[in-house]
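Have a look at run.pdb; it's PDB, C-alpha atoms and all ligand atoms:
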ATOM      1  CA  MET A  52      23.097  -0.643  47.214
ATOM      2  CA  ARG A  53      25.669   1.486  45.436
ATOM      3  CA  VAL A  54      28.993   0.437  43.904
ATOM      4  CA  THR A  55      31.642   3.021  43.060
ATOM      5  CA  TRP A  56      35.353   2.684  42.374
ATOM      6  CA  GLU A  57      38.497   4.675  41.993
ATOM      7  CA  LEU A  58      41.916   3.717  40.627
ATOM      8  CA  ARG A  59      44.956   4.924  42.601
ATOM      9  CA  GLY A  60      48.159   3.721  40.998
ATOM     10  CA  SER A  61      47.966  -0.059  40.731
ATOM     11  CA  ARG A  62      45.258  -0.205  43.407
ATOM     12  CA  LEU A  63      41.574  -0.315  42.689
ATOM     13  CA  TYR A  64      39.409   0.949  45.556
ATOM     14  CA  VAL A  65      35.856  -0.351  45.405
ATOM     15  CA  TYR A  66      33.256   1.231  47.706
ATOM     16  CA  LEU A  67      30.043  -0.594  48.569
ATOM     17  CA  SER A  68      27.295   1.317  50.327
ATOM     18  CA  GLY A  69      23.759   0.577  51.455
ATOM     19  CA  GLU A  70      22.449  -2.924  52.210
ATOM     20  CA  LEU A  71      24.293  -5.914  50.785
ATOM     21  CA  ASP A  72      21.796  -8.783  50.792
ATOM     22  CA  HIS A  73      20.675 -11.370  48.239
ATOM     23  CA  HIS A  74      18.490  -8.770  46.520
ATOM     24  CA  ALA A  75      21.511  -6.487  45.962
ATOM     25  CA  ALA A  76      24.337  -9.003  45.570
ATOM     26  CA  HIS A  77      23.795  -9.981  41.957
ATOM     27  CA  GLN A  78      24.023  -6.416  40.678
ATOM     28  CA  ALA A  79      26.959  -5.624  42.986
ATOM     29  CA  LEU A  80      28.925  -8.615  41.666
ATOM     30  CA  LYS A  81      28.192  -7.598  38.094
ATOM     31  CA  GLU A  82      29.342  -4.006  38.575
ATOM     32  CA  MET A  83      32.449  -5.033  40.490
ATOM     33  CA  GLY A  84      33.229  -7.621  37.832
ATOM     34  CA  SER A  85      33.233  -5.039  35.078
ATOM     35  CA  ALA A  86      35.444  -2.689  37.147
ATOM     36  CA  LEU A  87      37.918  -5.521  37.734
ATOM     37  CA  ASP A  88      37.892  -6.629  34.085
ATOM     38  CA  GLU A  89      38.483  -3.081  32.942
ATOM     39  CA  HIS A  90      41.491  -2.377  35.206
ATOM     40  CA  LEU A  91      42.861  -5.814  36.148
ATOM     41  CA  PRO A  92      44.370  -4.278  39.311
ATOM     42  CA  LEU A  93      47.203  -6.039  41.127
ATOM     43  CA  HIS A  94      45.573  -5.034  44.346
ATOM     44  CA  CYS A  95      41.930  -4.381  45.079
ATOM     45  CA  VAL A  96      40.713  -2.783  48.292
ATOM     46  CA  LEU A  97      37.070  -3.514  48.992
ATOM     47  CA  ASP A  98      35.847  -0.704  51.252
ATOM     48  CA  LEU A  99      32.692  -1.689  53.138
ATOM     49  CA  SER A 100      32.493   1.359  55.423
ATOM     50  CA  GLY A 101      29.292   2.533  53.697
ATOM     51  CA  LEU A 102      27.368  -0.682  54.369
ATOM     52  CA  SER A 103      24.401  -0.422  56.726
ATOM     53  CA  PHE A 104      23.709  -4.172  56.522
ATOM     54  CA  MET A 105      25.304  -7.323  55.162
ATOM     55  CA  ASP A 106      24.290 -10.988  55.349
ATOM     56  CA  SER A 107      25.725 -14.227  53.931
ATOM     57  CA  SER A 108      25.168 -12.912  50.407
ATOM     58  CA  GLY A 109      28.081 -10.579  51.153
ATOM     59  CA  ILE A 110      30.311 -13.544  51.980
ATOM     60  CA  ALA A 111      29.842 -14.848  48.436
ATOM     61  CA  VAL A 112      30.553 -11.364  47.057
ATOM     62  CA  VAL A 113      33.838 -11.093  48.998
ATOM     63  CA  LEU A 114      34.953 -14.643  48.183
ATOM     64  CA  GLY A 115      33.880 -14.335  44.522
ATOM     65  CA  THR A 116      35.940 -11.148  44.196
ATOM     66  CA  TYR A 117      38.865 -12.838  45.924
ATOM     67  CA  ARG A 118      38.776 -15.750  43.438
ATOM     68  CA  ARG A 119      38.408 -13.426  40.478
ATOM     69  CA  LEU A 120      41.563 -11.527  41.457
ATOM     70  CA  LYS A 121      43.487 -14.625  42.419
ATOM     71  CA  ALA A 122      42.856 -16.135  38.976
ATOM     72  CA  TYR A 123      45.313 -13.666  37.441
ATOM     73  CA  GLY A 124      47.566 -13.098  40.468
ATOM     74  CA  GLY A 125      45.790 -10.091  41.969
ATOM     75  CA  GLU A 126      45.245  -9.566  45.686
ATOM     76  CA  LEU A 127      42.210  -8.530  47.677
ATOM     77  CA  SER A 128      41.920  -6.812  51.027
ATOM     78  CA  VAL A 129      38.746  -5.723  52.760
ATOM     79  CA  ALA A 130      38.666  -2.422  54.645
ATOM     80  CA  GLY A 131      36.358  -0.357  56.839
ATOM     81  CA  VAL A 132      34.113  -3.271  57.800
ATOM     82  CA  PRO A 133      31.245  -2.126  60.071
ATOM     83  CA  GLY A 134      30.585  -4.175  63.224
ATOM     84  CA  GLN A 135      27.541  -6.086  61.944
ATOM     85  CA  ALA A 136      29.249  -7.104  58.698
ATOM     86  CA  ALA A 137      32.402  -8.034  60.607
ATOM     87  CA  ARG A 138      30.429 -10.489  62.740
ATOM     88  CA  VAL A 139      29.094 -12.166  59.584
ATOM     89  CA  LEU A 140      32.523 -12.398  57.926
ATOM     90  CA  THR A 141      34.163 -13.710  61.099
ATOM     91  CA  MET A 142      31.415 -16.287  61.688
ATOM     92  CA  ALA A 143      32.119 -17.607  58.191
ATOM     93  CA  GLY A 144      35.890 -17.616  58.710
ATOM     94  CA  VAL A 145      36.437 -15.263  55.755
ATOM     95  CA  ASP A 146      39.068 -13.425  57.825
ATOM     96  CA  ARG A 147      41.257 -16.534  57.589
ATOM     97  CA  ILE A 148      41.321 -16.257  53.771
ATOM     98  CA  VAL A 149      41.185 -12.540  53.041
ATOM     99  CA  PRO A 150      42.866  -9.770  55.123
ATOM    100  CA  ILE A 151      40.086  -7.810  56.825
ATOM    101  CA  ALA A 152      40.360  -4.433  58.532
ATOM    102  CA  VAL A 153      37.450  -3.494  60.763
ATOM    103  CA  ALA A 154      36.140   0.080  60.699
ATOM    104  CA  VAL A 155      37.487   2.341  63.442
ATOM    105  CA  LYS A 156      33.931   3.040  64.472
ATOM    106  CA  GLY A 157      30.945   0.936  63.493
TER
ATOM    107  CA  MET B 215      10.885 -20.634  83.768
ATOM    108  CA  MET B 216       7.810 -22.677  84.586
ATOM    109  CA  GLY B 217       4.200 -22.031  83.833
ATOM    110  CA  VAL B 218       2.405 -20.685  80.818
ATOM    111  CA  MET B 219       4.331 -18.223  78.700
ATOM    112  CA  LYS B 220       2.537 -14.970  78.121
ATOM    113  CA  VAL B 221       2.926 -13.467  74.696
ATOM    114  CA  GLN B 222       3.645  -9.727  74.815
ATOM    115  CA  ASN B 223       3.416  -9.059  71.130
ATOM    116  CA  ASP B 224       2.695 -11.010  67.987
ATOM    117  CA  LEU B 225       3.345 -10.055  64.370
ATOM    118  CA  ARG B 226       2.429 -12.037  61.284
ATOM    119  CA  MET B 227       3.309 -11.228  57.719
ATOM    120  CA  GLU B 228       3.057 -13.117  54.488
ATOM    121  CA  PHE B 229       4.570 -12.042  51.224
ATOM    122  CA  LEU B 230       5.544 -13.285  47.795
ATOM    123  CA  SER B 231       9.019 -14.774  47.538
ATOM    124  CA  ARG B 232      10.474 -11.732  45.807
ATOM    125  CA  SER B 233      13.969 -10.739  46.876
ATOM    126  CA  VAL B 234      12.878  -7.133  47.419
ATOM    127  CA  ASN B 235      10.903  -8.376  50.454
ATOM    128  CA  GLU B 236      14.022  -9.569  52.288
ATOM    129  CA  ALA B 237      14.713  -6.051  53.567
ATOM    130  CA  LEU B 238      11.056  -5.575  54.491
ATOM    131  CA  ALA B 239      11.048  -8.757  56.586
ATOM    132  CA  ARG B 240      14.233  -8.070  58.540
ATOM    133  CA  SER B 241      13.313  -4.454  59.252
ATOM    134  CA  ALA B 242       9.826  -5.403  60.475
ATOM    135  CA  VAL B 243      11.302  -7.946  62.893
ATOM    136  CA  GLY B 244      13.990  -5.421  63.821
ATOM    137  CA  GLN B 245      11.286  -2.913  64.804
ATOM    138  CA  MET B 246       9.593  -5.591  66.873
ATOM    139  CA  ALA B 247      12.864  -6.588  68.556
ATOM    140  CA  ALA B 248      13.574  -2.942  69.369
ATOM    141  CA  GLN B 249      10.719  -3.145  71.905
ATOM    142  CA  LEU B 250      13.029  -5.323  74.009
ATOM    143  CA  ASP B 251      15.705  -2.584  74.075
ATOM    144  CA  PRO B 252      18.452  -4.743  72.564
ATOM    145  CA  SER B 253      22.063  -3.662  72.173
ATOM    146  CA  LEU B 254      23.187  -2.669  68.684
ATOM    147  CA  GLU B 255      24.935  -6.018  68.377
ATOM    148  CA  GLU B 256      21.885  -8.010  69.456
ATOM    149  CA  LEU B 257      19.690  -6.097  67.009
ATOM    150  CA  GLY B 258      22.186  -6.701  64.193
ATOM    151  CA  ASP B 259      22.300 -10.413  65.000
ATOM    152  CA  ILE B 260      18.493 -10.679  64.919
ATOM    153  CA  LYS B 261      18.153  -8.850  61.596
ATOM    154  CA  THR B 262      20.922 -10.954  60.076
ATOM    155  CA  ALA B 263      19.329 -14.232  61.204
ATOM    156  CA  VAL B 264      15.931 -13.175  59.804
ATOM    157  CA  SER B 265      17.548 -12.176  56.529
ATOM    158  CA  GLU B 266      19.161 -15.616  56.280
ATOM    159  CA  ALA B 267      15.937 -17.529  56.897
ATOM    160  CA  VAL B 268      13.856 -15.387  54.532
ATOM    161  CA  THR B 269      16.537 -15.445  51.818
ATOM    162  CA  ASN B 270      16.588 -19.246  52.018
ATOM    163  CA  ALA B 271      12.837 -19.327  51.409
ATOM    164  CA  VAL B 272      13.206 -16.952  48.453
ATOM    165  CA  VAL B 273      16.230 -18.681  46.914
ATOM    166  CA  HIS B 274      15.895 -22.371  47.759
ATOM    167  CA  ALA B 275      12.262 -23.105  48.623
ATOM    168  CA  TYR B 276      10.842 -21.644  45.426
ATOM    169  CA  PRO B 277      13.730 -21.916  42.936
ATOM    170  CA  ASP B 278      11.918 -21.292  39.647
ATOM    171  CA  MET B 279       8.636 -19.880  40.845
ATOM    172  CA  LEU B 280       7.041 -17.422  43.198
ATOM    173  CA  GLY B 281       5.560 -18.769  46.389
ATOM    174  CA  THR B 282       4.398 -17.395  49.703
ATOM    175  CA  VAL B 283       6.716 -16.827  52.667
ATOM    176  CA  TYR B 284       5.094 -16.798  56.112
ATOM    177  CA  LEU B 285       6.817 -14.825  58.836
ATOM    178  CA  ARG B 286       5.875 -14.614  62.485
ATOM    179  CA  ALA B 287       7.622 -12.745  65.272
ATOM    180  CA  ARG B 288       6.567 -12.960  68.889
ATOM    181  CA  ILE B 289       7.818 -11.378  72.052
ATOM    182  CA  LEU B 290       7.523 -13.852  74.900
ATOM    183  CA  ASP B 291       7.212 -12.671  78.454
ATOM    184  CA  ILE B 292      10.702 -13.756  79.442
ATOM    185  CA  GLY B 293      12.244 -11.056  77.229
ATOM    186  CA  THR B 294      12.681 -13.470  74.372
ATOM    187  CA  LEU B 295      12.064 -12.881  70.698
ATOM    188  CA  GLU B 296      10.827 -15.836  68.675
ATOM    189  CA  VAL B 297      10.906 -15.719  64.879
ATOM    190  CA  THR B 298       9.273 -18.308  62.629
ATOM    191  CA  VAL B 299       9.847 -18.395  58.875
ATOM    192  CA  ARG B 300       7.792 -20.924  56.922
ATOM    193  CA  ASP B 301       7.462 -21.826  53.270
ATOM    194  CA  ARG B 302       5.534 -24.404  51.248
ATOM    195  CA  GLY B 303       8.406 -24.960  48.867
ATOM    196  CA  ILE B 304      10.516 -27.931  47.810
ATOM    197  CA  GLY B 305      11.689 -28.823  51.318
ATOM    198  CA  ILE B 306      14.979 -30.299  52.515
ATOM    199  CA  ALA B 307      15.678 -34.044  52.331
ATOM    200  CA  ASP B 308      18.459 -34.109  54.933
ATOM    201  CA  VAL B 309      18.231 -31.260  57.443
ATOM    202  CA  ASP B 310      21.423 -32.216  59.324
ATOM    203  CA  GLU B 311      23.407 -32.085  56.097
ATOM    204  CA  ALA B 312      21.833 -28.738  55.126
ATOM    205  CA  ARG B 313      22.672 -27.222  58.524
ATOM    206  CA  ALA B 314      26.359 -28.104  58.272
ATOM    207  CA  ALA B 315      28.687 -25.170  57.583
ATOM    208  CA  LEU B 316      29.631 -24.727  53.920
ATOM    209  CA  PHE B 317      26.929 -27.103  52.640
ATOM    210  CA  THR B 318      25.134 -25.433  49.755
ATOM    211  CA  THR B 319      23.125 -26.339  46.682
ATOM    212  CA  GLY B 320      23.249 -22.698  45.607
ATOM    213  CA  GLY B 321      26.461 -22.638  43.574
ATOM    214  CA  ASP B 322      28.858 -19.688  43.414
ATOM    215  CA  GLU B 323      26.429 -17.051  44.636
ATOM    216  CA  ARG B 324      25.902 -18.774  47.987
ATOM    217  CA  SER B 325      28.369 -19.777  50.664
ATOM    218  CA  GLY B 326      26.530 -22.380  52.733
ATOM    219  CA  MET B 327      26.751 -20.274  55.891
ATOM    220  CA  GLY B 328      23.112 -19.220  56.408
ATOM    221  CA  PHE B 329      22.140 -21.866  58.969
ATOM    222  CA  THR B 330      25.501 -21.492  60.726
ATOM    223  CA  ILE B 331      24.855 -17.752  61.098
ATOM    224  CA  MET B 332      21.286 -18.307  62.370
ATOM    225  CA  GLU B 333      22.612 -20.809  64.894
ATOM    226  CA  GLY B 334      25.479 -18.577  66.016
ATOM    227  CA  PHE B 335      23.505 -15.345  66.242
ATOM    228  CA  MET B 336      20.360 -16.699  67.924
ATOM    229  CA  ASP B 337      20.089 -18.801  71.107
ATOM    230  CA  THR B 338      18.141 -21.650  69.555
ATOM    231  CA  LEU B 339      17.337 -22.824  66.036
ATOM    232  CA  ARG B 340      14.853 -25.520  65.066
ATOM    233  CA  VAL B 341      14.390 -26.644  61.459
ATOM    234  CA  ARG B 342      11.562 -28.881  60.318
ATOM    235  CA  SER B 343      11.261 -29.860  56.697
ATOM    236  CA  ALA B 344       9.811 -32.439  54.355
ATOM    237  CA  PRO B 345      10.547 -32.762  50.633
ATOM    238  CA  GLY B 346       7.665 -31.382  48.599
ATOM    239  CA  ARG B 347       5.951 -29.967  51.691
ATOM    240  CA  GLY B 348       8.109 -27.059  52.764
ATOM    241  CA  THR B 349      10.321 -25.865  55.570
ATOM    242  CA  THR B 350       9.775 -24.223  58.950
ATOM    243  CA  VAL B 351      12.563 -22.445  60.795
ATOM    244  CA  VAL B 352      12.006 -21.344  64.408
ATOM    245  CA  MET B 353      14.621 -19.221  66.164
ATOM    246  CA  ARG B 354      14.700 -17.694  69.602
ATOM    247  CA  LYS B 355      16.889 -15.118  71.213
ATOM    248  CA  ARG B 356      16.712 -13.740  74.719
ATOM    249  CA  VAL B 357      17.568 -10.074  74.816
ATOM    250  CA  THR B 358      19.698  -9.249  77.832
ATOM    251  CA  PRO B 359      17.931  -6.790  80.144
ATOM    252  CA  ARG B 360      19.990  -3.640  80.567
ATOM    253  CA  PRO B 361      20.094  -1.367  83.578
ATOM    254  CA  VAL B 362      17.604   1.491  83.357
ATOM    255  CA  ARG B 363      19.423   4.711  82.507
TER
HETATM  256  N1  LIG C   1      13.726 -22.976  52.914
HETATM  257  C1  LIG C   1      14.487 -23.892  52.259
HETATM  258  N2  LIG C   1      13.924 -24.691  51.325
HETATM  259  C2  LIG C   1      14.669 -25.607  50.650
HETATM  260  N3  LIG C   1      15.996 -25.804  50.859
HETATM  261  C3  LIG C   1      16.605 -25.038  51.785
HETATM  262  C4  LIG C   1      15.894 -24.038  52.531
HETATM  263  N4  LIG C   1      16.769 -23.444  53.368
HETATM  264  C5  LIG C   1      17.963 -24.032  53.166
HETATM  265  N5  LIG C   1      17.888 -24.995  52.216
HETATM  266  C6  LIG C   1      18.987 -25.880  51.773
HETATM  267  O1  LIG C   1      20.003 -25.872  52.759
HETATM  268  C7  LIG C   1      21.238 -25.422  52.206
HETATM  269  C8  LIG C   1      22.034 -24.641  53.245
HETATM  270  O2  LIG C   1      21.389 -23.416  53.575
HETATM  271  P1  LIG C   1      22.279 -22.216  54.132
HETATM  272  O3  LIG C   1      21.413 -21.043  54.326
HETATM  273  O4  LIG C   1      23.068 -22.696  55.304
HETATM  274  O5  LIG C   1      23.336 -21.965  52.956
HETATM  275  P2  LIG C   1      23.054 -21.331  51.503
HETATM  276  O6  LIG C   1      21.731 -20.668  51.474
HETATM  277  O7  LIG C   1      23.309 -22.379  50.508
HETATM  278  O8  LIG C   1      24.213 -20.219  51.398
HETATM  279  P3  LIG C   1      24.233 -18.805  52.181
HETATM  280  O9  LIG C   1      23.109 -18.812  53.165
HETATM  281  O10 LIG C   1      25.565 -18.752  52.847
HETATM  282  O11 LIG C   1      24.076 -17.791  51.126
HETATM  283  C9  LIG C   1      20.852 -24.647  50.965
HETATM  284  O12 LIG C   1      21.885 -24.588  49.998
HETATM  285  C10 LIG C   1      19.640 -25.430  50.479
HETATM  286  O13 LIG C   1      20.050 -26.597  49.778
HETATM  287 MG    MG C   2      21.149 -19.343  52.948
END

I need this file expressed as structure tokens, please.
Amino acid sequence: MRVTWELRGSRLYVYLSGELDHHAAHQALKEMGSALDEHLPLHCVLDLSGLSFMDSSGIAVVLGTYRRLKAYGGELSVAGVPGQAARVLTMAGVDRIVPIAVAVKG
Amino acid sequence: MMGVMKVQNDLRMEFLSRSVNEALARSAVGQMAAQLDPSLEELGDIKTAVSEAVTNAVVHAYPDMLGTVYLRARILDIGTLEVTVRDRGIGIADVDEARAALFTTGGDERSGMGFTIMEGFMDTLRVRSAPGRGTTVVMRKRVTPRPVR
């Protein structure tokens, strides 16, 4: 699991790649937390297009990030969600809380 | 289907409840499931369900210790994959409550959706548990036969 980010204007783009499971989630949350604390972006785009697998541990990562931003008035959107991860997020109803864009292919 | 079910393949693994083994477990079952020529979506559903069951054993069954997780995957003759995940951990007092969506004892890092995902992604899910004795999860999914190309 790899976490990278890039600031474009007031938007923070966070890219997750690899497998997002319980084994990886703790570290991912930590790294994303420090990126958010450092930039306090008004909008964060969580780009999941590099994920080859995600389970319910990813739900907690998305919702935890959402709450973290919301606490100071920031917004989260999720982009590039591969098909397998999209099925997990939809099953959990996360798409009713956070705007989710599915990957064009995946 | 009536009669005795013939088992086409049978895999057993046991491993310590270390989180690094979650990937190992779901990919082993994924390789086994691939023998049924599943669609990409079916394969993803199977690996996700296995990941949920194994993660529960790692996280909840053995909260402050290492224990053994027992995994079994069988291919039954009707084109069905059966996966069993068993632990000898703390067990679940009320299985119906635990299976309900959003129920969790795991705090902020869990969402209470594991059983809901297993149920939604597989055809059947059975959970047997006793406090202090451990938990057994049995899931089945029939892989749709596809026309020969
Ligand atoms: N093998 C197990 N041993 C003991 N308790 C378990 C086991 N599996 C599940 N549980 C209990 O059932 C609850 C619900 O499990 P479920 O997988 O649905 O959600 P979760 O693990 O809490 O969160 P998520 O799976 O979304 O990360 C758990 O919080 C835990 O209390
Ligand atoms: Mg779970």

Checklist outcome for this item: Taken to one decimal, the atom CA of A:Asp88-atom CA of A:Glu57 distance is 13.8 Å

Checklist entry - So which residues are near ligand MG 2 (chain C), meaning at most 6 Å away with only C-alpha atoms and all ligand atoms counted, given back as a list in words? => result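 I would give the residues around ligand MG 2 (chain C) as Glu266, Asn270 and Gly328 of chain B.
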
Checklist entry - Quick one: residues within 9 Å of stretch 60-74 of chain A, all atoms listed in the file counted, chain neighbours fewer than 5 positions away excluded, as an NGL selection string? => result (:A and (52-55 or 79 or 83 or 86-87 or 90-109)) or (:B and (232-237 or 265 or 269 or 273 or 323))

Residues of chain B within 9 Å of ligand LIG 1 (chain C): nearest atom pair and distance (Å, one decimal) for each, counting only C-alpha atoms and all ligand atoms, sorted by chain and number, as CSV?
residue,atom,partner,partner_atom,distance
B:Glu266,CA,C:LIG1,O9,6.0
B:Ala267,CA,C:LIG1,N4,6.9
B:Val268,CA,C:LIG1,N1,7.8
B:Thr269,CA,C:LIG1,O6,7.4
B:Asn270,CA,C:LIG1,N4,4.4
B:Ala271,CA,C:LIG1,N1,4.0
B:Val272,CA,C:LIG1,N1,7.5
B:Val273,CA,C:LIG1,O6,7.4
B:His274,CA,C:LIG1,C2,4.5
B:Ala275,CA,C:LIG1,N2,3.5
B:Tyr276,CA,C:LIG1,N2,7.3
B:Pro277,CA,C:LIG1,C2,8.6
B:Val299,CA,C:LIG1,N1,8.5
B:Arg300,CA,C:LIG1,N1,7.4
B:Asp301,CA,C:LIG1,N1,6.4
B:Arg302,CA,C:LIG1,N2,8.4
B:Gly303,CA,C:LIG1,N2,6.0
B:Ile304,CA,C:LIG1,C2,5.5
B:Gly305,CA,C:LIG1,C2,4.4
B:Ile306,CA,C:LIG1,N3,4.9
B:Ala307,CA,C:LIG1,N3,8.4
B:Asp308,CA,C:LIG1,O1,8.7
B:Val309,CA,C:LIG1,O1,7.4
B:Glu311,CA,C:LIG1,O1,7.8
B:Ala312,CA,C:LIG1,O1,4.1
B:Arg313,CA,C:LIG1,O4,5.6
B:Ala314,CA,C:LIG1,O4,7.0
B:Ala315,CA,C:LIG1,O4,6.5
B:Leu316,CA,C:LIG1,O5,6.9
B:Phe317,CA,C:LIG1,C8,5.5
B:Thr318,CA,C:LIG1,O12,3.4
B:Thr319,CA,C:LIG1,O12,3.9
B:Gly320,CA,C:LIG1,O7,4.9
B:Gly321,CA,C:LIG1,O7,7.6
B:Glu323,CA,C:LIG1,O11,6.9
B:Arg324,CA,C:LIG1,O11,3.8
B:Ser325,CA,C:LIG1,O10,3.7
B:Gly326,CA,C:LIG1,O5,3.2
B:Met327,CA,C:LIG1,O10,3.6
B:Gly328,CA,C:LIG1,O3,3.2
B:Phe329,CA,C:LIG1,O4,3.9
B:Thr330,CA,C:LIG1,O4,6.1
B:Ile331,CA,C:LIG1,O4,7.8
B:Met332,CA,C:LIG1,O3,8.5
B:Ser343,CA,C:LIG1,N2,7.9
B:Pro345,CA,C:LIG1,C2,8.3
B:Gly348,CA,C:LIG1,N2,6.4
B:Thr349,CA,C:LIG1,N1,5.2
B:Thr350,CA,C:LIG1,N1,7.3
B:Val351,CA,C:LIG1,N1,8.0

Checklist entry - Between B:Glu296, B:Glu228, B:Glu255, B:Asp337, which is the closest to chain A once you count all atoms listed in the file? => result B:Glu255

Next on the checklist: Given all atoms listed in the file as the basis, pick out the residue of A:Val139, A:Val145, A:Ala152, A:Val129 nearest to B:Ile260.
Outcome noted: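 The shortest atom-to-atom distance to B:Ile260 comes from A:Val139.
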
Item to check | Sel. within 12 Å of pt (37.0, -18.3, 44.6), counting all atoms listed in the file, output as a list in words | outcome: Ile110, Ala111, Val112, Val113, Leu114, Gly115, Thr116, Tyr117, Arg118, Arg119, Leu120, Lys121, Ala122, Tyr123, Leu127, Val145, Ile148 and Val149 of chain A; Gly321, Asp322, Glu323, Arg324 and Ser325 of chain B

Checklist entry - Between atom CA of B:Ile289 and atom CA of B:Asn223, what is the distance, to one decimal in Å? => result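 Atom CA of B:Asn223 lies 5.1 Å from atom CA of B:Ile289.
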
Next on the checklist: Could you list, as a VMD selection string, every residue within 12 Å of A:Val153, counting all atoms listed in the file and ignoring same-chain residues fewer than 4 positions away?
Outcome noted: chain A and resid 97 to 100 128 to 138 140 to 141 146 157

Checklist entry - Taking into account all atoms listed in the file, which residue in the set B:Asp251, B:Asp278, B:Asp224, B:Glu256 is nearest to chain A? => result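 Ranked by minimum distance to chain A, first place goes to B:Glu256.
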
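Residue nearest chain A, chosen from B:Asp291, B:Asp310, B:Glu333, B:Gln245 and counting all atoms listed in the file: B:Glu333.
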
Taking the file above as input, evaluate the PyMOL selection byres (((chain B and resi 355) around 12) and not hetatm) and report the hits as a compact mmCIF listing (two decimals) with C-alpha atoms, in the frame of the given file.
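This is the output file result_4.txt:
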# COMPACT_ATOMS: atom_id res chain seq x y z
CA ALA B 247 12.86 -6.59 68.56
CA LEU B 250 13.03 -5.32 74.01
CA PRO B 252 18.45 -4.74 72.56
CA GLU B 256 21.88 -8.01 69.46
CA LEU B 257 19.69 -6.10 67.01
CA ASP B 259 22.30 -10.41 65.00
CA ILE B 260 18.49 -10.68 64.92
CA LYS B 261 18.15 -8.85 61.60
CA ALA B 263 19.33 -14.23 61.20
CA VAL B 264 15.93 -13.18 59.80
CA ALA B 287 7.62 -12.74 65.27
CA ARG B 288 6.57 -12.96 68.89
CA ILE B 289 7.82 -11.38 72.05
CA LEU B 290 7.52 -13.85 74.90
CA ILE B 292 10.70 -13.76 79.44
CA GLY B 293 12.24 -11.06 77.23
CA THR B 294 12.68 -13.47 74.37
CA LEU B 295 12.06 -12.88 70.70
CA GLU B 296 10.83 -15.84 68.68
CA VAL B 297 10.91 -15.72 64.88
CA THR B 298 9.27 -18.31 62.63
CA MET B 332 21.29 -18.31 62.37
CA GLU B 333 22.61 -20.81 64.89
CA GLY B 334 25.48 -18.58 66.02
CA PHE B 335 23.50 -15.34 66.24
CA MET B 336 20.36 -16.70 67.92
CA ASP B 337 20.09 -18.80 71.11
CA THR B 338 18.14 -21.65 69.56
CA LEU B 339 17.34 -22.82 66.04
CA VAL B 352 12.01 -21.34 64.41
CA MET B 353 14.62 -19.22 66.16
CA ARG B 354 14.70 -17.69 69.60
CA ARG B 356 16.71 -13.74 74.72
CA VAL B 357 17.57 -10.07 74.82
CA THR B 358 19.70 -9.25 77.83

Put a box with edges along x, y and z around all the listed atoms of stretch 88-93 of chain A, pad it by 5 Å on each side, then give me its centre and sizes in Å, one decimal, as JSON.
{"center_x": 42.5, "center_y": -4.5, "center_z": 37.0, "size_x": 19.3, "size_y": 14.3, "size_z": 18.2}
